[in-house]
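Colleague: If it helps, the file is called target04.tsv and holds TSV, C-alpha atoms:
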chain	number	residue	atom	x	y	z
A	1	MET	CA	42.69	20.29	-15.99
A	2	ILE	CA	39.38	21.58	-14.71
A	3	ALA	CA	39.17	20.97	-10.96
A	4	THR	CA	35.46	21.60	-10.47
A	5	SER	CA	32.23	19.69	-10.04
A	6	LEU	CA	31.31	18.96	-13.62
A	7	THR	CA	28.50	16.72	-14.77
A	8	VAL	CA	29.50	14.04	-17.26
A	9	THR	CA	27.51	14.32	-20.50
A	10	ASP	CA	27.92	12.90	-23.99
A	11	THR	CA	28.54	16.36	-25.44
A	12	ARG	CA	31.33	17.12	-22.98
A	13	MET	CA	32.86	13.67	-23.40
A	14	SER	CA	33.31	14.40	-27.09
A	15	VAL	CA	35.82	17.20	-26.30
A	16	LEU	CA	37.07	16.25	-22.81
A	17	ASP	CA	38.34	13.23	-20.92
A	18	PHE	CA	36.68	12.56	-17.56
A	19	SER	CA	38.12	10.82	-14.54
A	20	GLN	CA	36.51	8.08	-12.51
A	21	THR	CA	33.10	9.23	-11.25
A	22	TYR	CA	33.34	10.31	-7.63
A	23	TRP	CA	29.80	11.52	-6.98
A	24	GLU	CA	26.29	10.79	-8.25
A	25	GLU	CA	23.40	13.10	-7.70
A	26	TYR	CA	19.72	13.14	-8.64
A	27	LEU	CA	17.59	16.08	-9.64
A	28	SER	CA	14.37	17.22	-8.04
A	29	VAL	CA	12.02	20.18	-8.10
A	30	LEU	CA	11.77	22.85	-5.40
A	31	ILE	CA	8.52	24.76	-4.99
A	32	VAL	CA	7.27	27.48	-2.69
A	33	ARG	CA	5.16	26.26	0.20
A	34	THR	CA	1.58	27.38	-0.27
A	35	THR	CA	-1.51	26.84	1.83
A	36	ARG	CA	-5.13	27.26	0.88
A	37	PRO	CA	-8.26	27.30	3.02
A	38	ASN	CA	-10.45	24.26	2.54
A	39	PRO	CA	-13.89	24.52	4.17
A	40	PHE	CA	-14.65	20.92	3.15
A	41	VAL	CA	-11.49	19.34	4.55
A	42	TYR	CA	-13.64	16.94	6.58
A	43	LEU	CA	-14.56	15.23	3.29
A	44	ASP	CA	-10.94	14.67	2.23
A	45	PRO	CA	-10.27	11.42	4.15
A	46	PHE	CA	-12.48	9.51	1.68
A	47	THR	CA	-12.72	9.82	-2.08
A	48	TRP	CA	-16.11	10.67	-3.53
A	49	PRO	CA	-16.88	7.06	-4.66
A	50	VAL	CA	-16.53	5.94	-1.03
A	51	TRP	CA	-18.95	8.64	0.16
A	52	VAL	CA	-21.44	7.66	-2.56
A	53	CYS	CA	-21.20	3.98	-1.56
A	54	ILE	CA	-21.81	4.84	2.12
A	55	ILE	CA	-24.96	6.82	1.24
A	56	ILE	CA	-26.21	3.99	-0.98
A	57	CYS	CA	-25.55	1.48	1.81
A	58	ILE	CA	-27.83	3.43	4.21
A	59	PHE	CA	-30.80	3.10	1.85
A	60	VAL	CA	-30.04	-0.46	0.70
A	61	MET	CA	-29.52	-1.77	4.23
A	62	GLY	CA	-32.67	0.03	5.43
A	63	PHE	CA	-34.72	-1.58	2.66
A	64	THR	CA	-33.11	-4.96	3.40
A	65	LEU	CA	-33.98	-4.66	7.09
A	66	LEU	CA	-37.61	-3.94	6.15
A	67	VAL	CA	-37.82	-6.98	3.85
A	68	VAL	CA	-36.22	-9.26	6.43
A	69	THR	CA	-38.50	-7.97	9.19
A	70	LYS	CA	-41.67	-8.53	7.14
A	71	THR	CA	-40.54	-11.90	5.83
A	72	SER	CA	-39.39	-13.38	9.12
A	73	PRO	CA	-42.12	-15.47	10.86
A	74	TYR	CA	-40.66	-14.55	14.25
A	75	TYR	CA	-42.87	-11.51	14.70
A	76	ARG	CA	-46.10	-13.29	13.68
A	77	VAL	CA	-45.41	-16.06	16.14
A	78	ARG	CA	-44.79	-13.55	18.93
A	79	GLY	CA	-47.78	-11.45	17.96
A	80	ILE	CA	-45.68	-8.40	17.09
A	81	THR	CA	-47.29	-6.39	14.31
A	82	ARG	CA	-46.62	-3.10	12.61
A	83	LYS	CA	-48.72	-1.34	15.22
A	84	ASN	CA	-46.08	-1.65	17.94
A	85	THR	CA	-42.76	-1.63	16.12
A	86	GLY	CA	-41.26	0.83	13.66
A	87	LEU	CA	-39.17	-1.71	11.77
A	88	PHE	CA	-42.23	-2.55	9.63
A	89	ARG	CA	-42.00	0.91	8.01
A	90	LEU	CA	-39.38	1.81	5.39
A	91	PRO	CA	-38.69	5.38	6.65
A	92	ASP	CA	-38.02	4.07	10.15
A	93	CYS	CA	-35.66	1.38	8.84
A	94	ILE	CA	-33.70	3.93	6.80
A	95	TRP	CA	-33.59	6.32	9.76
A	96	PHE	CA	-32.35	3.47	11.96
A	97	MET	CA	-29.46	2.80	9.53
A	98	TYR	CA	-28.66	6.53	9.35
A	99	GLY	CA	-28.47	6.67	13.14
A	100	ALA	CA	-26.23	3.59	13.16
A	101	THR	CA	-23.94	5.28	10.62
A	102	LEU	CA	-23.52	8.20	13.02
A	103	GLN	CA	-22.99	5.70	15.87
A	104	GLN	CA	-26.26	6.70	17.52
A	105	GLY	CA	-28.86	4.35	19.01
A	106	GLY	CA	-32.42	3.77	17.88
A	107	ILE	CA	-35.80	3.24	19.52
A	108	TRP	CA	-36.43	-0.06	17.76
A	109	LEU	CA	-34.09	-3.02	17.55
A	110	PRO	CA	-34.70	-6.22	15.58
A	111	SER	CA	-35.63	-9.26	17.63
A	112	ALA	CA	-35.41	-11.91	14.90
A	113	LEU	CA	-32.07	-13.58	14.22
A	114	SER	CA	-32.12	-12.60	10.55
A	115	GLY	CA	-32.63	-8.92	11.37
A	116	ARG	CA	-29.91	-9.03	13.98
A	117	CYS	CA	-27.48	-10.46	11.40
A	118	ILE	CA	-28.19	-7.53	9.08
A	119	VAL	CA	-27.83	-4.94	11.83
A	120	GLY	CA	-24.77	-6.63	13.38
A	121	SER	CA	-22.86	-6.69	10.09
A	122	TYR	CA	-23.73	-3.03	9.49
A	123	TRP	CA	-22.52	-2.10	12.98
A	124	CYS	CA	-19.16	-3.77	12.23
A	125	PHE	CA	-19.03	-1.88	8.94
A	126	VAL	CA	-19.71	1.44	10.69
A	127	LEU	CA	-17.18	0.74	13.44
A	128	ILE	CA	-14.31	0.13	11.01
A	129	MET	CA	-15.35	2.93	8.66
A	130	ALA	CA	-15.63	5.46	11.50
A	131	ALA	CA	-12.22	4.52	12.91
A	132	THR	CA	-10.66	4.83	9.45
A	133	PHE	CA	-12.32	8.20	8.86
A	134	ALA	CA	-11.29	9.59	12.26
A	135	GLY	CA	-7.65	8.52	11.90
A	136	ASN	CA	-7.34	9.86	8.37
A	137	LEU	CA	-9.10	13.12	9.25
A	138	VAL	CA	-6.53	13.78	11.99
A	139	SER	CA	-3.79	13.26	9.40
A	140	PHE	CA	-5.37	15.72	6.99
A	141	LEU	CA	-6.04	18.35	9.64
A	142	THR	CA	-2.57	18.27	11.24
A	143	VAL	CA	-0.28	17.43	8.31
A	144	GLN	CA	-1.96	18.08	5.02
A	145	THR	CA	-2.58	21.72	5.89
A	146	LEU	CA	1.16	22.29	6.33
A	147	PHE	CA	1.95	21.98	2.64
A	148	ASP	CA	-0.15	22.11	-0.46
A	149	ILE	CA	1.81	20.15	-3.09
A	150	PRO	CA	0.39	20.77	-6.56
A	151	PHE	CA	2.38	17.92	-8.16
A	152	ASN	CA	4.90	15.22	-7.26
A	153	THR	CA	6.53	14.29	-10.57
A	154	LEU	CA	8.33	16.08	-13.39
A	155	GLU	CA	5.71	14.87	-15.85
A	156	ALA	CA	2.97	16.42	-13.73
A	157	LEU	CA	4.90	19.70	-13.72
A	158	ALA	CA	5.15	19.62	-17.51
A	159	ASP	CA	1.36	19.25	-17.79
A	160	HIS	CA	0.39	21.53	-14.90
A	161	SER	CA	-1.87	24.42	-15.80
A	162	ARG	CA	-0.50	26.91	-13.25
A	163	MET	CA	3.02	25.88	-12.21
A	164	ARG	CA	5.97	26.69	-14.52
A	165	PRO	CA	9.49	25.19	-14.45
A	166	MET	CA	12.63	27.25	-13.83
A	167	SER	CA	16.16	25.99	-14.52
A	168	PRO	CA	19.78	27.27	-14.54
A	169	SER	CA	20.61	28.31	-18.08
A	170	GLY	CA	24.14	26.85	-18.03
A	171	ALA	CA	23.37	23.55	-16.30
A	172	ALA	CA	24.00	20.27	-18.07
A	173	PHE	CA	20.46	19.01	-17.44
A	174	THR	CA	19.03	22.18	-18.97
A	175	ASN	CA	20.86	21.29	-22.18
A	176	ILE	CA	19.35	17.79	-21.93
A	177	PHE	CA	15.92	19.39	-21.89
A	178	LYS	CA	16.90	21.47	-24.91
A	179	ILE	CA	18.07	18.59	-27.12
A	180	ALA	CA	15.24	16.23	-26.17
A	181	ASN	CA	13.11	15.25	-29.16
A	182	ASN	CA	10.03	14.01	-27.32
A	183	GLY	CA	8.64	13.06	-23.96
A	184	THR	CA	8.63	14.90	-20.66
A	185	TYR	CA	12.00	16.60	-21.13
A	186	LYS	CA	10.83	18.17	-24.38
A	187	LYS	CA	7.67	19.45	-22.68
A	188	ILE	CA	9.79	20.99	-19.92
A	189	TRP	CA	11.94	22.80	-22.48
A	190	GLU	CA	8.85	24.12	-24.26
A	191	ARG	CA	7.60	25.47	-20.93
A	192	LEU	CA	10.98	27.09	-20.27
A	193	GLN	CA	10.83	28.82	-23.65
A	194	GLU	CA	7.43	30.36	-22.94
A	195	ASN	CA	9.20	33.11	-20.98
A	196	PRO	CA	13.01	32.59	-21.05
A	197	GLU	CA	13.75	35.75	-19.09
A	198	LEU	CA	11.68	34.46	-16.17
A	199	HIS	CA	12.20	30.70	-16.44
A	200	LEU	CA	15.97	30.58	-17.13
A	201	VAL	CA	18.26	31.90	-14.40
A	202	VAL	CA	22.00	32.47	-14.08
A	203	ASN	CA	22.48	31.38	-10.46
A	204	SER	CA	20.56	30.21	-7.40
A	205	LYS	CA	20.32	33.68	-5.91
A	206	GLU	CA	18.36	34.89	-8.91
A	207	ALA	CA	16.22	31.76	-8.78
A	208	PHE	CA	15.16	32.26	-5.16
A	209	GLU	CA	14.47	35.95	-5.74
A	210	LYS	CA	12.14	35.05	-8.60
A	211	MET	CA	10.45	32.31	-6.56
A	212	ALA	CA	9.81	34.80	-3.76
A	213	ALA	CA	8.08	37.11	-6.24
A	214	HIS	CA	6.31	34.40	-8.28
A	215	SER	CA	5.01	31.42	-6.27
A	216	HIS	CA	4.07	29.53	-9.44
A	217	LEU	CA	7.73	28.89	-10.35
A	218	ALA	CA	9.31	25.48	-9.69
A	219	PHE	CA	13.12	25.40	-9.54
A	220	ILE	CA	14.89	22.29	-10.94
A	221	GLY	CA	18.25	21.41	-9.36
A	222	GLU	CA	20.40	18.83	-7.56
A	223	VAL	CA	18.74	17.34	-4.47
A	224	THR	CA	21.64	17.98	-2.07
A	225	PHE	CA	21.96	21.59	-3.20
A	226	LEU	CA	18.23	22.23	-2.89
A	227	GLU	CA	18.04	20.64	0.57
A	228	ARG	CA	20.90	22.83	1.77
A	229	LYS	CA	19.15	25.94	0.47
A	230	MET	CA	15.96	24.88	2.24
A	231	HIS	CA	17.85	24.44	5.49
A	232	GLU	CA	19.59	27.80	5.17
A	233	ASP	CA	16.25	29.48	4.58
A	234	PHE	CA	14.80	27.70	7.64
A	235	LEU	CA	17.67	28.89	9.84
A	236	ARG	CA	17.15	32.42	8.59
A	237	THR	CA	13.33	32.61	8.79
A	238	ASN	CA	12.50	29.79	11.25
A	239	SER	CA	9.88	28.59	8.78
A	240	CYS	CA	9.70	25.98	6.00
A	241	ASN	CA	9.02	28.19	3.01
A	242	TYR	CA	10.06	25.63	0.38
A	243	ILE	CA	9.47	21.96	-0.22
A	244	LEU	CA	10.88	19.29	-2.54
A	245	VAL	CA	8.58	17.16	-4.63
A	246	GLU	CA	8.69	13.40	-4.20
A	247	GLU	CA	10.24	12.29	-7.50
A	248	ARG	CA	14.01	12.00	-8.09
A	249	PHE	CA	15.06	11.91	-11.74
A	250	PHE	CA	18.02	12.24	-14.13
A	251	PRO	CA	20.93	10.82	-12.07
A	252	GLY	CA	24.05	12.82	-12.89
A	253	SER	CA	27.68	11.73	-12.50
A	254	PHE	CA	30.35	14.17	-11.37
A	255	ALA	CA	34.02	13.80	-12.26
A	256	PHE	CA	37.19	15.76	-13.01
A	257	ALA	CA	37.62	16.92	-16.60
A	258	PHE	CA	40.90	16.83	-18.55
A	259	PRO	CA	41.99	17.76	-22.03
A	260	LYS	CA	41.91	14.92	-24.50
A	261	GLY	CA	44.86	12.56	-23.96
A	262	SER	CA	45.90	14.09	-20.63
A	263	VAL	CA	48.54	12.09	-18.72
A	264	TYR	CA	47.02	13.10	-15.39
A	265	ARG	CA	43.72	11.29	-15.85
A	266	PRO	CA	45.02	7.74	-15.01
A	267	ARG	CA	46.60	9.04	-11.81
A	268	PHE	CA	43.34	10.71	-10.75
A	269	ASP	CA	41.42	7.55	-11.59
A	270	LYS	CA	43.67	5.53	-9.30
A	271	ALA	CA	43.41	8.03	-6.45
A	272	ILE	CA	39.63	8.38	-6.77
A	273	LEU	CA	39.23	4.61	-6.82
A	274	GLN	CA	41.22	4.32	-3.58
A	275	VAL	CA	39.07	7.01	-1.96
A	276	LEU	CA	35.91	5.18	-3.01
A	277	GLN	CA	37.14	1.82	-1.76
A	278	GLN	CA	38.05	3.27	1.64
A	279	GLY	CA	34.56	4.76	2.03
A	280	LEU	CA	35.81	8.33	2.36
A	281	VAL	CA	33.24	9.66	-0.09
A	282	GLN	CA	30.35	8.26	1.98
A	283	TYR	CA	31.97	9.62	5.15
A	284	TRP	CA	32.31	13.11	3.68
A	285	LYS	CA	28.78	12.93	2.31
A	286	LYS	CA	27.39	12.04	5.73
A	287	LYS	CA	29.49	14.70	7.43
A	288	HIS	CA	28.73	17.59	5.12
A	289	THR	CA	25.15	16.85	4.08
A	290	LEU	CA	22.08	17.51	6.20
A	291	GLN	CA	20.97	14.54	8.25
A	292	ASN	CA	18.08	16.21	10.10
A	293	ASN	CA	16.47	18.52	7.59
A	294	LEU	CA	13.21	19.45	9.30
A	295	CYS	CA	11.50	20.74	6.18
A	296	SER	CA	12.48	17.67	4.17
A	297	SER	CA	11.22	15.27	6.87
A	298	MET	CA	7.91	17.09	7.06
A	299	HIS	CA	7.54	16.51	3.34
A	300	HIS	CA	7.50	12.76	3.91
A	301	GLN	CA	4.72	13.22	6.47
A	302	VAL	CA	2.62	15.03	3.90
A	303	ILE	CA	2.98	12.16	1.45
A	304	GLY	CA	1.66	9.85	4.16
A	305	ALA	CA	-1.73	11.62	4.21
A	306	LYS	CA	-3.65	9.56	1.67
A	307	GLN	CA	-7.29	9.53	0.70
A	308	ILE	CA	-9.10	6.23	1.22
A	309	SER	CA	-10.27	5.02	-2.19
A	310	ILE	CA	-13.01	2.52	-2.98
A	311	THR	CA	-10.33	-0.13	-3.51
A	312	ASP	CA	-8.88	0.49	-0.05
A	313	ALA	CA	-12.33	0.28	1.53
A	314	SER	CA	-13.53	-2.75	-0.44
A	315	GLY	CA	-12.72	-5.10	2.43
A	316	ILE	CA	-15.06	-3.14	4.71
A	317	PHE	CA	-17.94	-3.52	2.26
A	318	TYR	CA	-17.35	-7.27	2.23
A	319	LEU	CA	-18.71	-7.26	5.79
A	320	LEU	CA	-22.08	-6.18	4.46
A	321	ILE	CA	-22.03	-9.01	1.93
A	322	ALA	CA	-21.25	-11.42	4.76
A	323	GLY	CA	-24.17	-9.94	6.70
A	324	TYR	CA	-26.47	-10.52	3.71
A	325	LEU	CA	-25.40	-14.15	3.45
A	326	THR	CA	-25.75	-14.75	7.19
A	327	ALA	CA	-29.17	-13.11	7.25
A	328	GLY	CA	-30.22	-15.25	4.27
A	329	VAL	CA	-29.24	-18.40	6.13
A	330	ALA	CA	-30.96	-17.18	9.30
A	331	ILE	CA	-34.25	-16.33	7.61
A	332	SER	CA	-34.18	-19.66	5.77
A	333	ILE	CA	-33.86	-21.41	9.13
A	334	GLU	CA	-36.70	-19.31	10.55
A	335	LEU	CA	-39.00	-20.08	7.60
A	336	THR	CA	-38.10	-23.77	7.74
A	337	ALA	CA	-38.74	-23.90	11.47
A	338	ARG	CA	-42.06	-22.10	10.98
A	339	PHE	CA	-43.07	-24.58	8.27
A	340	VAL	CA	-42.16	-27.59	10.44
A	341	VAL	CA	-44.06	-26.21	13.43
A	342	GLY	CA	-47.07	-25.49	11.23
A	343	VAL	CA	-47.10	-29.03	9.87
A	344	LYS	CA	-46.95	-30.49	13.38
A	345	LYS	CA	-49.82	-28.30	14.58
A	346	LYS	CA	-51.92	-29.26	11.58
A	347	ARG	CA	-51.40	-32.95	12.27
A	348	GLN	CA	-52.37	-32.48	15.89
A	349	GLN	CA	-55.57	-30.68	14.89
A	350	ASN	CA	-56.48	-33.44	12.43
A	351	LYS	CA	-56.05	-36.05	15.16
A	352	LYS	CA	-58.40	-34.16	17.48
A	353	GLN	CA	-61.12	-33.80	14.83
A	354	LYS	CA	-61.09	-37.49	13.65
A	355	PRO	CA	-63.68	-39.83	15.57
A	356	ALA	CA	-62.26	-42.59	17.71
A	357	VAL	CA	-62.59	-46.14	16.31
A	358	SER	CA	-62.85	-49.13	18.73
A	359	LEU	CA	-60.40	-51.87	17.99
A	360	ARG	CA	-61.61	-54.33	20.73
A	361	MET	CA	-62.38	-57.89	19.51
A	362	GLU	CA	-65.81	-59.31	20.36
A	363	THR	CA	-66.01	-62.71	22.13
A	364	PRO	CA	-68.05	-65.69	20.62
A	365	ALA	CA	-70.69	-65.41	23.38
A	366	GLU	CA	-71.29	-61.75	22.49
A	367	GLU	CA	-71.60	-62.63	18.83
A	368	ASN	CA	-74.22	-65.42	19.60
A	369	ARG	CA	-76.17	-62.96	21.78
A	370	GLN	CA	-76.31	-60.42	18.98
A	371	ILE	CA	-77.50	-63.13	16.52
A	372	SER	CA	-80.25	-64.30	18.92
A	373	THR	CA	-81.40	-60.74	19.32
A	374	HIS	CA	-81.75	-60.25	15.59
A	375	VAL	CA	-83.65	-63.56	15.23
What would you get if you wrote out this structure as structure tokens?
Modeller:
Amino acid sequence: MIATSLTVTDTRMSVLDFSQTYWEEYLSVLIVRTTRPNPFVYLDPFTWPVWVCIIICIFVMGFTLLVVTKTSPYYRVRGITRKNTGLFRLPDCIWFMYGATLQQGGIWLPSALSGRCIVGSYWCFVLIMAATFAGNLVSFLTVQTLFDIPFNTLEALADHSRMRPMSPSGAAFTNIFKIANNGTYKKIWERLQENPELHLVVNSKEAFEKMAAHSHLAFIGEVTFLERKMHEDFLRTNSCNYILVEERFFPGSFAFAFPKGSVYRPRFDKAILQVLQQGLVQYWKKKHTLQNNLCSSMHHQVIGAKQISITDASGIFYLLIAGYLTAGVAISIELTARFVVGVKKKRQQNKKQKPAVSLRMETPAEENRQISTHV
């Protein structure tokens, strides 16, 4: 009987009998915490398509404000011309939108309803966008700078240009990488074989010594074991020098191993089943594993810092579309009202210019007097 934590694999099952599984564990990847200076960190809250769309919106909304201002009859009725307002000039309209983007005021404000609809929708757009940018920038400045995670999945590690995997040479999962015919596991094994003396280690002590000397190495191991090593290093150095990537992969089952046909295996199966049913395994796991791993909890905060993509911000741009539609309705009402007022004024002018026609009926005596006069 082998009384040790042994991972159940198909190769081992061909020569050994295993008891009931008493523990399941996932694998993860441990990397050295690295930081890098980023002079353009203030651009990180938004992806570049979002920044491009914001710049385009400044010019498009400025041009739209100019068209609406010149088209609206409001200013002609009030006698406001381009001599006493800057909204009749394209540079001033664009500068007005740029100032609104930076939440600054302007000298000129639209007086027509259609122009106010355009500006009002853009102000709502800027308000939401600025709040989103400020909140996400705080996250990047306070959390993202703690850890620079070059990858978060095993597949990304296999394709990474700088990082290289490192694995225990005698571990069961290392053998899985070795016998894999394709896919991510095969790529990991090919990376391990690039420099076996560096990438394959005998024990964890050797692994951490190599990681201290070579920050580009990523150690593959069981999650619980790696978290305990992180915590021990934190207690020793008072600093989070390592971090686990997000992905958990290759769930392994641990059991007791027996020679083929051993009479002890059924007894162990019965005892292990009783322990599992009574919840002792979960109790021991909770008691002996780390519940408040500071470095591990900080890792989850880093994952929370997310760039705002164009898909995330699409709802904000819908406000501008709503502003366009509202302004279109408003300027249609203004033009219609102007047309109706013009028609009424024209009718009134025609009535004043037309000579008055008498509609009074003449009496018979007046008619006889006119006839006598002509005779």
Colleague: Can you measure CA of Ser204 (chain A) to CA of Thr21 (chain A) for me? One decimal in Å is fine.
Modeller: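 Taking CA of Ser204 (chain A) and CA of Thr21 (chain A), their separation equals 24.7 Å.
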Colleague: Neighbours of Lys285 (chain A) within 12 Å (all atoms listed in the file; same-chain residues fewer than 6 positions away dropped), as a list of chain:residue names?
Modeller: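 Non-adjacent residues within range: A:Tyr22, A:Trp23, A:Glu24, A:Glu25, A:Thr224, A:Leu276, A:Gly279, A:Gln291.
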Colleague: Would you pick out the contacts of region 151-165 of chain A at 8 Å or less, using all atoms listed in the file, so that residues sharing its chain but fewer than 2 positions from it are not included, and give the list as a ChimeraX atom specification?
Modeller: /A:29,149,167,184,187-188,191-192,199,216-220,245-247
Colleague: Just to confirm, what's the straight-line distance from CA of Pro91 (chain A) to CA of Met129 (chain A) in Å (one decimal)?
Modeller: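 Separating CA of Pro91 (chain A) from CA of Met129 (chain A) is a distance of 23.6 Å.
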Colleague: So what do you get for CA of Phe317 (chain A) versus CA of Phe125 (chain A), distance-wise?
Modeller: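 Going from CA of Phe317 (chain A) over to CA of Phe125 (chain A), I get 7.0 Å.
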Colleague: With a distance cut-off of 12 Å and all atoms listed in the file, select the neighbouring residues of Val329 (chain A), excluding the residue or stretch itself and same-chain residues fewer than 6 positions from it, and output the selection as a short mmCIF file (atom, residue, chain, number, x, y, z; two decimals) with C-alpha atoms, in the coordinates of the input.
Modeller:
data_model
loop_
_atom_site.label_atom_id
_atom_site.label_comp_id
_atom_site.auth_asym_id
_atom_site.auth_seq_id
_atom_site.Cartn_x
_atom_site.Cartn_y
_atom_site.Cartn_z
CA VAL A 68 -36.22 -9.26 6.43
CA SER A 72 -39.39 -13.38 9.12
CA LEU A 113 -32.07 -13.58 14.22
CA SER A 114 -32.12 -12.60 10.55
CA GLY A 115 -32.63 -8.92 11.37
CA CYS A 117 -27.48 -10.46 11.40
CA ILE A 118 -28.19 -7.53 9.08
CA ALA A 322 -21.25 -11.42 4.76
CA GLY A 323 -24.17 -9.94 6.70
CA LEU A 335 -39.00 -20.08 7.60
CA THR A 336 -38.10 -23.77 7.74
#
Colleague: Between A:Tyr283, A:Trp51, A:Tyr42, A:Phe339, which one has atoms that come closest to Ser139 (chain A), using all atoms listed in the file?
Modeller: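 Using all atoms listed in the file, the shortest distance to Ser139 (chain A) belongs to A:Tyr42.
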Colleague: Quick one: everything within 12 Å of Trp48 (chain A), counting all atoms listed in the file, minus sequence neighbours fewer than 4 positions away in the same chain. Send it as a PyMOL selection string.
Modeller: chain A and resi 43-44+52-55+307-310
Colleague: Excluding Ser262 (chain A) and its own-chain neighbours fewer than 5 positions away, which residues fall within 12 Å of it when counting all atoms listed in the file? Please give them as an NGL selection string.
Modeller: :A and (1-2 or 15-19 or 256-257 or 267-268)
Colleague: Rank A:Cys124, A:Leu6, A:Met13, A:Leu30 by their smallest atom-to-atom distance to Met230 (chain A), using all atoms listed in the file, and report the top residue only.
Modeller: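 For Met230 (chain A), the nearest of the given residues is A:Leu30.
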